[in-house]
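Chemist: One structure coming up, written as structure tokens, with questions to follow.
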Amino acid sequence: MSQSYRLSNEGLLNRNKEISFKFNGKKYNGYEGDTLASALLANGIHLVGRSFKYHRPRGFFGAGVDEPNAKLQIQLNGHSEPNVNATEFELVEGIEASSQNCWPSVEFDVGAINNFLNRFFPAGFYYKTFMWPKSFWYKIYEPFIRKAAGLGVASIEKDKERYEHKYEYCDLLVAGSGPAGLSSAYSAAKNGAKVILAEDKPRFGGSLLTDDVTIDNLSGKAWTDKIITELKEMPNVIVKNRSQVFGYYDHNMTVMFERTGDHLENKPKYTPRQRLWYIRAKEVLLSTGSIERPIVFGNNDTPGIFLCAAAKEYIKVYGVLVGKKPLIFTNNDSAYETALEFKKQGVDPIILDTRKEHSSELIETAKSQNIQIKFSYAVIAANGYKKVKSALIGELNNDKTEFKNSEIIKCDCICVSGFWTPTVHLASQSGNKLKFNDQIDAFVPNISKQNETSVGASKGTFTLKDTLNDGFKTGFDLSKKITNNNNSTSTPNSNETKKNPHDKFWCSPLPKNKNFKRFVDFQNDVAVSDIEVALREGYRSIEHVKRYTTLGMATDQGRTSNLNGLQLVANVEKKIVPQVGHTTFRPPFTPITIGTIVGREVDMEYMPTRKTPMHTWHEKNNAVFVDAGAWKRPRYYKQGKENLFEASKREAKNVREHVGICDVTTLGKIDIKGPDAAEFLNRVYTNAWLKLPIGKARYGVMLREDGIVMDDGTTTRISENHYHMTTTTAQAANVLSHLEYYLQVVWPELKVNVLSTTEQWAGAALAGPKSRKVLAKLFPDLDVSNEALPFMGYTEGNLFGVNAKIFRISFSGELAYEINVESDYGLFMWEKMIEIGKEFNIQPYGTEALSTLRIEMGHVAGPELDGRTIPYDVSLEGLVSNKKDFIGKRSLQKEAFNNSDRQKIVGLVPIDKKTSIPEGSHLVLNKNAKLPNPKLGHVSSSCWSVENNNPFSLAIVKDGKNMIGKKLFAVSPLKNSAIEVEVISSHYVDHEGKRVRS
Amino acid sequence: MLSIKCPFCGYRSQKEFAYGGDGTIRRPELNQDISDEKWNEFVYLRKSPRGKHVELWHHTAGCRQWFKVQRDTVTHEIFQTTKINEEIK
């Protein structure tokens, strides 16, 4: 069977290039320009999948985005992708496709038993069945549903493909390149507008490729080629095929994906697979066309049943016959064009027209070509399991509610047309409240909420002449509004056949005693009977009916099922469709890969990596890094076979005994300048700032207006009106925004400027009893004695020719200095310190040792300043001035903040002096108490105290001030631990703070 | 994604901005006695109007200026943006 359904002369394929591919393990051939669907149909393959719920055999139904059935698993370039729409996927050499949702094979599927049990699977089956007993949910129901749910299999491999994002701005975005899109893009471009024309399919032209029309005495295809060629040559136009505008957001922001890679046989290495475009257009023109809707009848999901327009497209574009004995079932004239195309290929179709005998241009043409037409006839049901073999047809009575008779008619495919539904998704997403047009029995755009305009079939204009007139005029009008140019293009003359009105027939009645399944939604297996059940059970809102039955909820978003579903609800409810309303249209219009949404923001590019100037030194010296926001900070420097615990203990001990050096570049630094700087700091911080002398640093705490501690740090007065503020690494950005807010919005009268200088300064902390000795050697000209440079002092020095700022501040509780130089000299400073410090046993220390040192000193940090603590809680109430006002002060008067048993920070030591207390443990009085066991507090920070050689933790505990000396349990159900601890002071080392002043 | 006109930089994508809440809230003056109720109202209570709303935005990835935006909370239409010291008309 090699392409036996391929026509020899028809289609827009490249017949010189044959392409081989595999489907369910078998090898087939197609041509360049085929879709996977057209290539399979050329080979006579119709059965491609099994339905979602009943596992019924399913074949192709549409020829593009309308396809509800043919979702395949594709293997390409070493990755596996589920749910690929075969009617859109372009054939490339070497792809392997396989059917989904079937086992062991699509031909023999065990799950098809569901089809025979279908009366046990009514609408709402899952809701009704899996409710009870409750204990079954976790072990039985959920795994069962998970296994049954979904269609394809997502790959667990990492996606190695490249995806990109792009931003573009234009005057006019035209979505769709049919006659409406081409004419409006062309006339707007000719009038000087910057235009983007986007076409979802590989070929431009839309209906012009298949309709028997002429424009400017050219065929639709020829005219399309002429216009596209001209547009591509214009510098103000971007023309994109394989590009679908799939979402419409606020302020005329649209998103489009471009399929850049999958159709290429040898994709260059850096060519992305797909590209996501964010397009902000001044005007959006929606020329998205329309989709044919089916007529509902018995077993209408059998493989071999197609939409008429799809059958025509397979002939005209792909040169493929979907059958050799076609039955055409229609309520309107457009299906006759499909019949005529069959006839042209020497195939004799039979037409069933639900309308009474009448005459139109197309009907007469068909008659003149001896095509058999049966008026007032409809298909009752299709026969055949894996492929249509015949159809049960009948003559309709006068009001079309019953059949007068029935007969069986042989056929190998049924092409159905129930008229056309405008594609209004983007208009609806833009906020346009749709209105129902009962001439065409469909919703059309109404009043625009954004700058969008629909043209052509997407607004229900189904004649070429009107579409072209409208397109050329709208393109001109919109462009004139933007460019003020006045170059209008005249509409070319066109020729088309005139069509009669359609018949409002959408569903074949069910003969008595017959129980054919009549599907409304193929992809989610929703039949007429399911919707009737939902209505019988009391669901009224269309949104509820949708969710209960899953009508229109599949990946095809009800493109072919939506209106028939609404029609059915309206009929049962004895309403009309506009009273039923419609469900919400949501982006994306068709499924889009996660990779496209993510774009390049993966791996290294997921977020920027911030490295300090000393990073290379850390790397060379076996630093193990930890992420601190976007920063990479050394967590510890590994020596030999040390682990984290051993290394951090060694590093911390070395600080306590000798001297250590730590990279503190990541601390937030804010330069504050202006005559009102002192006043501003006085309002921002809880303590007093007006009298800080030049050359002195001060520790400060800032609150939010609700009284919660926001951040802490030191600020140094560099000169009269110049201060240098430091923030914690984590809060740097928030603090800057906070300061800017108060300066710009609340107190604009203050003459102060703030600027982030975090990246301008490299910082190193020199800490330990021998730090002064290192400092003295670093700055031989400088008097660094305790008298000249006391605790919280500041001076500037010359570090081998480099200007340095020297702050005598300490986080470790030891005698310590922080030295800042311009970032470019950071590495130089660091290497000098290491070199000079060698004789004093200097060692670098990472964040783990840094934490150990601050925890045993009782200094608070992020885990304590967790957005829930006020100054009292973290024993910083001594820094709260009662003489002046500041941000958040009023909140501190709140009753809850002043309870006598208010939480407070304490220290914890395990009774056994051995067991480390997990951070996050809860503190309780009795570990065996009945649940819920009253919680007294939590462990915020833990370390191994190098000073006392046992574990030590900080905790925030209720009534902390009266808890010292008590015994509690630190329990962590996650770690399954319950450790008895003694509550002690949070200052475990150097209570009086002598060392920092030594 | 909104397109917001920064009074200093012109139209920019929403990505560059941070939302700053109700723009009509006035912080009570410093060093004034204020009732619990009034303070509470300032710290915690915000209206959530349907329709026109004056709010603050911060051009965090741009000029770092705070400014006022009058926006419709239903349609997201932006009627006006002004500098902090200018009035929304």
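If you're wondering about the labels, chains in the structure tokens are A, B, ... by order shown, residues count from 1 in each chain, ligands from 1 in order shown.
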Give me, as an NGL selection string, the residues of chain B touching chain A, with the criterion being at most 8 Å (counting only C-alpha atoms).
Modeler: :B and (1-3 or 26-27 or 30-31 or 39 or 43 or 60 or 64-66 or 76-77 or 84)
Chemist: Considering only C-alpha atoms, return as a list in words whatever protein or nucleic-acid residues lie within 9 Å of Lys83 of chain B, sequence-local ones (same chain, fewer than 4 positions apart) excluded.
Modeler: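 Surrounding residues, per the criterion: Cys6, Pro7, Phe8, Gln65, Trp66, Phe67, Lys68, Val69 and Glu87 of chain B.
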Chemist: With only C-alpha atoms as the counted atoms, please give the residues lying no more than 8 Å from Gln80 of chain B, apart from itself and same-chain residues fewer than 4 positions off, as a list in words.
Modeler: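 Using only C-alpha atoms, the neighbours found are Val69, Gln70, Arg71 and Ile88 of chain B.
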Chemist: Just want the 9 Å neighbourhood of Thr24 of chain B, counted on only C-alpha atoms, with same-chain residues fewer than 3 positions away dropped. Output as a ChimeraX atom specification.
Modeler: /B:54-56
Chemist: Using backbone DSSP assignments, extract all strand (DSSP E or B) residues from segment 420-546 of chain A; output them as a PyMOL selection string.
Modeler: chain A and resi 420-422+433-437+442-447+452-454+494-495+507+519-521+526-527
Chemist: Using only C-alpha atoms, which residues sit within 10 Å of Glu161 of chain A once same-chain residues fewer than 4 positions away are excluded, as an MDAnalysis selection string?
Modeler: chainID A and resid 77:79 261 269:274 595:596 599
Chemist: Determine, counting only C-alpha atoms, which protein, DNA and RNA residues have an atom within 12 Å of an atom of Asp671 of chain A; residues of the same chain fewer than 6 positions away are not included. Present the result as a list in words.
Modeler: Ala677, Thr715, Thr716, Arg717, Ile718, Ser719, Asn721, His722, Tyr723, His724, Met725, Thr726, Thr727, Leu736, Leu739, Val752, Asn753, Val754, Leu755, Ser756, Thr757, Thr758, Glu759, Gln760 and Trp761 of chain A
Chemist: Can those selected residues be exported to a file as a compact mmCIF listing (two decimals), in the first residue's frame so that it contains N, CA and C atoms?
Modeler:
```txt
# COMPACT_ATOMS: atom_id res chain seq x y z
N ALA A 677 20.29 64.14 55.13
CA ALA A 677 20.55 62.71 55.26
C ALA A 677 20.40 62.23 56.71
N THR A 715 25.45 51.87 59.40
CA THR A 715 25.57 53.01 58.49
C THR A 715 26.67 53.90 59.05
N THR A 716 27.51 54.38 58.14
CA THR A 716 28.70 55.12 58.55
C THR A 716 28.63 56.53 57.98
N ARG A 717 28.99 57.47 58.83
CA ARG A 717 29.03 58.85 58.34
C ARG A 717 30.41 59.11 57.75
N ILE A 718 30.45 59.23 56.42
CA ILE A 718 31.72 59.39 55.71
C ILE A 718 32.16 60.84 55.79
N SER A 719 31.22 61.75 55.55
CA SER A 719 31.51 63.17 55.69
C SER A 719 30.22 63.86 56.13
N ASN A 721 27.60 65.38 54.86
CA ASN A 721 26.32 65.01 54.27
C ASN A 721 26.37 63.71 53.48
N HIS A 722 27.25 62.84 53.87
CA HIS A 722 27.46 61.61 53.10
C HIS A 722 27.52 60.41 54.05
N TYR A 723 26.60 59.47 53.80
CA TYR A 723 26.54 58.26 54.63
C TYR A 723 26.65 57.03 53.75
N HIS A 724 27.18 55.98 54.34
CA HIS A 724 27.31 54.69 53.64
C HIS A 724 26.51 53.67 54.43
N MET A 725 25.42 53.20 53.84
CA MET A 725 24.54 52.25 54.55
C MET A 725 24.81 50.84 54.07
N THR A 726 24.79 49.89 54.98
CA THR A 726 24.84 48.49 54.56
C THR A 726 23.53 47.81 54.96
N THR A 727 23.12 46.88 54.12
CA THR A 727 21.91 46.10 54.39
C THR A 727 22.30 44.63 54.33
N LEU A 736 16.31 49.49 49.37
CA LEU A 736 16.47 50.62 48.46
C LEU A 736 15.09 51.15 48.01
N LEU A 739 13.51 53.06 50.89
CA LEU A 739 14.07 54.40 51.08
C LEU A 739 13.57 55.34 49.98
N VAL A 752 17.64 64.58 49.99
CA VAL A 752 18.49 63.39 50.14
C VAL A 752 18.42 62.59 48.83
N ASN A 753 19.55 62.02 48.45
CA ASN A 753 19.58 61.09 47.33
C ASN A 753 20.13 59.76 47.80
N VAL A 754 19.54 58.69 47.29
CA VAL A 754 20.06 57.36 47.62
C VAL A 754 20.43 56.64 46.33
N LEU A 755 21.45 55.81 46.42
CA LEU A 755 21.93 55.11 45.22
C LEU A 755 22.55 53.79 45.67
N SER A 756 22.20 52.73 44.96
CA SER A 756 22.81 51.45 45.30
C SER A 756 24.26 51.42 44.84
N THR A 757 25.16 51.06 45.74
CA THR A 757 26.58 50.92 45.35
C THR A 757 27.09 49.52 45.66
N THR A 758 26.14 48.59 45.79
CA THR A 758 26.52 47.21 46.14
C THR A 758 27.60 46.67 45.22
N GLU A 759 27.44 46.91 43.92
CA GLU A 759 28.37 46.31 42.97
C GLU A 759 29.63 47.16 42.77
N GLN A 760 29.61 48.38 43.33
CA GLN A 760 30.77 49.25 43.13
C GLN A 760 31.89 48.96 44.12
N TRP A 761 31.53 48.37 45.25
CA TRP A 761 32.53 48.11 46.29
C TRP A 761 32.70 46.61 46.51
```
Chemist: Between atom CA of Asn370 of chain A and atom CA of Gly62 of chain A, measure the distance and give it in Å to one decimal.
Modeler: 27.4 Å
Chemist: If you count only C-alpha atoms, which residues fall within 8 Å of segment 36-45 of chain A, apart from same-chain ones fewer than 4 positions away, as a PDB file with N, CA and C atoms, in the first residue's frame?
Modeler:
```
ATOM      1  N   MET A   1       0.855  -1.194   0.000  1.00  0.00           N
ATOM      2  CA  MET A   1       0.000   0.000   0.000  1.00  0.00           C
ATOM      3  C   MET A   1       0.885   1.235   0.000  1.00  0.00           C
ATOM      4  N   SER A   2       1.258   1.716  -1.210  1.00  0.00           N
ATOM      5  CA  SER A   2       2.134   2.882  -1.172  1.00  0.00           C
ATOM      6  C   SER A   2       1.426   4.090  -1.777  1.00  0.00           C
ATOM      7  N   GLN A   3       0.997   4.959  -0.941  1.00  0.00           N
ATOM      8  CA  GLN A   3       0.333   6.204  -1.333  1.00  0.00           C
ATOM      9  C   GLN A   3      -0.755   5.974  -2.381  1.00  0.00           C
ATOM     10  N   SER A   4      -1.599   4.977  -2.153  1.00  0.00           N
ATOM     11  CA  SER A   4      -2.616   4.631  -3.140  1.00  0.00           C
ATOM     12  C   SER A   4      -3.767   5.632  -3.173  1.00  0.00           C
ATOM     13  N   TYR A   5      -3.801   6.523  -2.191  1.00  0.00           N
ATOM     14  CA  TYR A   5      -4.843   7.553  -2.208  1.00  0.00           C
ATOM     15  C   TYR A   5      -4.294   8.902  -2.670  1.00  0.00           C
ATOM     16  N   ARG A   6      -3.058   8.866  -3.196  1.00  0.00           N
ATOM     17  CA  ARG A   6      -2.443  10.110  -3.644  1.00  0.00           C
ATOM     18  C   ARG A   6      -2.854  10.391  -5.082  1.00  0.00           C
ATOM     19  N   TYR A  28       6.475   4.311   6.108  1.00  0.00           N
ATOM     20  CA  TYR A  28       5.637   4.856   5.031  1.00  0.00           C
ATOM     21  C   TYR A  28       6.397   5.960   4.329  1.00  0.00           C
ATOM     22  N   ASN A  29       5.834   6.379   3.171  1.00  0.00           N
ATOM     23  CA  ASN A  29       6.429   7.495   2.450  1.00  0.00           C
ATOM     24  C   ASN A  29       5.418   8.610   2.229  1.00  0.00           C
ATOM     25  N   GLY A  30       5.929   9.813   2.194  1.00  0.00           N
ATOM     26  CA  GLY A  30       5.107  10.970   1.839  1.00  0.00           C
ATOM     27  C   GLY A  30       5.989  11.921   1.050  1.00  0.00           C
ATOM     28  N   TYR A  31       5.528  13.154   0.882  1.00  0.00           N
ATOM     29  CA  TYR A  31       6.323  14.139   0.144  1.00  0.00           C
ATOM     30  C   TYR A  31       6.588  15.357   1.006  1.00  0.00           C
ATOM     31  N   PHE A  60      -8.785  10.746  11.375  1.00  0.00           N
ATOM     32  CA  PHE A  60      -8.692  12.181  11.141  1.00  0.00           C
ATOM     33  C   PHE A  60     -10.079  12.742  10.873  1.00  0.00           C
ATOM     34  N   ALA A  63      -8.295  19.156   9.024  1.00  0.00           N
ATOM     35  CA  ALA A  63      -7.033  19.250   8.286  1.00  0.00           C
ATOM     36  C   ALA A  63      -6.111  20.297   8.906  1.00  0.00           C
ATOM     37  N   ALA A  70      -6.651  13.333  16.031  1.00  0.00           N
ATOM     38  CA  ALA A  70      -5.347  12.791  15.649  1.00  0.00           C
ATOM     39  C   ALA A  70      -4.209  13.417  16.437  1.00  0.00           C
ATOM     40  N   ALA A  86      -1.529  15.780  14.404  1.00  0.00           N
ATOM     41  CA  ALA A  86      -0.985  15.239  13.152  1.00  0.00           C
ATOM     42  C   ALA A  86      -1.376  16.080  11.952  1.00  0.00           C
ATOM     43  N   THR A  87      -2.469  16.813  12.052  1.00  0.00           N
ATOM     44  CA  THR A  87      -2.917  17.611  10.904  1.00  0.00           C
ATOM     45  C   THR A  87      -2.129  18.911  10.779  1.00  0.00           C
ATOM     46  N   GLU A  88      -1.352  19.235  11.801  1.00  0.00           N
ATOM     47  CA  GLU A  88      -0.540  20.456  11.741  1.00  0.00           C
ATOM     48  C   GLU A  88       0.942  20.145  11.608  1.00  0.00           C
ATOM     49  N   PHE A  89       1.337  18.931  12.004  1.00  0.00           N
ATOM     50  CA  PHE A  89       2.758  18.606  12.070  1.00  0.00           C
ATOM     51  C   PHE A  89       3.303  18.308  10.678  1.00  0.00           C
ATOM     52  N   GLU A  90       4.317  19.075  10.287  1.00  0.00           N
ATOM     53  CA  GLU A  90       4.868  18.898   8.944  1.00  0.00           C
ATOM     54  C   GLU A  90       5.802  17.696   8.903  1.00  0.00           C
ATOM     55  N   LEU A  91       5.662  16.948   7.810  1.00  0.00           N
ATOM     56  CA  LEU A  91       6.441  15.730   7.669  1.00  0.00           C
ATOM     57  C   LEU A  91       7.918  16.063   7.460  1.00  0.00           C
ATOM     58  N   TYR A 314      -7.466  18.348   1.686  1.00  0.00           N
ATOM     59  CA  TYR A 314      -6.585  17.209   1.408  1.00  0.00           C
ATOM     60  C   TYR A 314      -6.414  17.028  -0.102  1.00  0.00           C
ATOM     61  N   TYR A 318      -2.883  18.826  -0.636  1.00  0.00           N
ATOM     62  CA  TYR A 318      -1.997  17.672  -0.446  1.00  0.00           C
ATOM     63  C   TYR A 318      -2.142  16.602  -1.524  1.00  0.00           C
ATOM     64  N   VAL A 320      -4.549  14.387  -1.937  1.00  0.00           N
ATOM     65  CA  VAL A 320      -4.908  13.133  -1.277  1.00  0.00           C
ATOM     66  C   VAL A 320      -6.424  12.984  -1.274  1.00  0.00           C
ATOM     67  N   LEU A 321      -6.886  11.805  -1.621  1.00  0.00           N
ATOM     68  CA  LEU A 321      -8.322  11.506  -1.490  1.00  0.00           C
ATOM     69  C   LEU A 321      -8.581  10.871  -0.132  1.00  0.00           C
ATOM     70  N   VAL A 322      -9.553  11.404   0.589  1.00  0.00           N
ATOM     71  CA  VAL A 322      -9.840  10.792   1.898  1.00  0.00           C
ATOM     72  C   VAL A 322     -10.736   9.561   1.718  1.00  0.00           C
TER      73      VAL A 322
END
```
Chemist: Interatomic distance between atom CA of Glu258 of chain A and atom CA of Asn236 of chain A?
Modeler: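 Spanning atom CA of Glu258 of chain A to atom CA of Asn236 of chain A is a straight-line distance of 19.6 Å.
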